[in-house]
Amino acid sequence: MSKRALTQRALRDRALHYLARYAASRSRVEAVLTRRLAAARAEGRAEVGPEDIPPLLDRLEALGLIDDRTYAETEARSLARRGFSSQALALQLGEQGLARPLVDAAIRELEPGLDSDLVRGWRYARRRLGPYRSPDRRPERRTRDLAALQRRGFPLEVALGIVDAEAPPQQHVSEDDGLRFD
């Protein structure tokens with residue numbers, strides 16, 4: 001069975017299919033389309049060239065199907081809920097091809113309860129680090145817990161404060177799983 005030619009319409013359909021399945025930044029969609037185009041060119045099926053990708057991306061942006069600002073905010077919120085530090089958030093979002101000003105704005109605009117490294121550090125620690133670990137294992141695991149928090153990008157002061165705490169802070173978990181300190 002021979003594969004179809006990669007036309008402008010097929011390229012657009014590929015982009016729409018990808019966007020229907022995944023939230024993505026402009027650079028991510030561009031990478032997907034570029035790979036598809038390279039494969040089609042290698043097989044001699046390409047009727048379009050690399051110059052056809054930017055106008056397609058512009059059109060998708062104009063239609064609101066690609067919105068890097070919204071994507072950055074959504075992704076930052078999701079990663080913050082999973083306990084990523086500000087540094088880790090910036091690195092992760094940057095790796096997804098988002099411009100630094102968009103990344104900085106998304107991190108700055110995190111909702112209360114997710115807007116500080118300390119809160120996100122405690123959120124990450126709920127995975128059984130520091131005071132969430134059984135008391136008899138805490139001393140032997142202290143170094144590993146500190147390393148885990150620092151690998152996640154938390155400053156040493158935050159990591160030490162969490163790992164050396166006698167107990168978790170007074171907290172309650174809201175319906176949206178937001179961790180807040182009273």
# chains A, B, ... in the order shown; residues from 1 in each chain; ligands from 1
>>> residues_around(residues="Tyr132 (chain A)", least_positions_apart="3", cutoff="10 Å", atoms="only C-alpha atoms", output="list in words")
Trp122, Ala125, Arg126, Arg127, Arg128, Leu129, Pro135, Arg138, Ile162, Val163, Ala165, Glu166, Ala167 and Pro168 of chain A
>>> select_by_dssp(residues="region 120-170 of chain A", states="alpha helix (DSSP H)", output="MDAnalysis selection string")
chainID A and resid 120:125 138:151 156:163
>>> residues_around(residues="Ala80 (chain A)", least_positions_apart="3", cutoff="8 Å", atoms="only C-alpha atoms", output="list in words")
Ala76, Arg77, Gly83, Phe84, Ser85, Leu89, Leu114 and Arg120 of chain A
>>> write_last_selection(atoms="N, CA and C atoms", output="PDB file, in the first residue's frame")
ATOM      1  N   ALA A  76       1.891  25.456  33.666  1.00  0.00           N
ATOM      2  CA  ALA A  76       2.514  25.907  34.918  1.00  0.00           C
ATOM      3  C   ALA A  76       1.649  25.499  36.111  1.00  0.00           C
ATOM      4  N   ARG A  77       0.351  25.680  36.001  1.00  0.00           N
ATOM      5  CA  ARG A  77      -0.570  25.302  37.080  1.00  0.00           C
ATOM      6  C   ARG A  77      -0.515  23.791  37.329  1.00  0.00           C
ATOM      7  N   GLY A  83       4.046  19.724  42.430  1.00  0.00           N
ATOM      8  CA  GLY A  83       5.161  20.001  43.310  1.00  0.00           C
ATOM      9  C   GLY A  83       6.444  20.417  42.619  1.00  0.00           C
ATOM     10  N   PHE A  84       6.367  21.055  41.469  1.00  0.00           N
ATOM     11  CA  PHE A  84       7.556  21.554  40.792  1.00  0.00           C
ATOM     12  C   PHE A  84       7.938  22.915  41.368  1.00  0.00           C
ATOM     13  N   SER A  85       9.225  23.144  41.570  1.00  0.00           N
ATOM     14  CA  SER A  85       9.715  24.442  42.040  1.00  0.00           C
ATOM     15  C   SER A  85       9.646  25.461  40.906  1.00  0.00           C
ATOM     16  N   LEU A  89       9.822  24.597  37.045  1.00  0.00           N
ATOM     17  CA  LEU A  89       8.745  25.046  36.159  1.00  0.00           C
ATOM     18  C   LEU A  89       9.326  25.776  34.949  1.00  0.00           C
ATOM     19  N   LEU A 114      -0.351  28.049  45.288  1.00  0.00           N
ATOM     20  CA  LEU A 114       0.641  27.406  44.425  1.00  0.00           C
ATOM     21  C   LEU A 114       1.740  28.389  44.055  1.00  0.00           C
ATOM     22  N   ARG A 120       4.818  24.563  47.218  1.00  0.00           N
ATOM     23  CA  ARG A 120       5.009  23.490  46.243  1.00  0.00           C
ATOM     24  C   ARG A 120       5.964  22.429  46.774  1.00  0.00           C
TER      25      ARG A 120
END
>>> atom_distance(atom1="CA of Asp67 (chain A)", atom2="CA of Ala106 (chain A)")
12.9 Å
>>> closest_residue(among="A:Ile53, A:Ile66, A:Leu118, A:Leu98", to="Tyr22 (chain A)", atoms="only C-alpha atoms")
A:Ile66
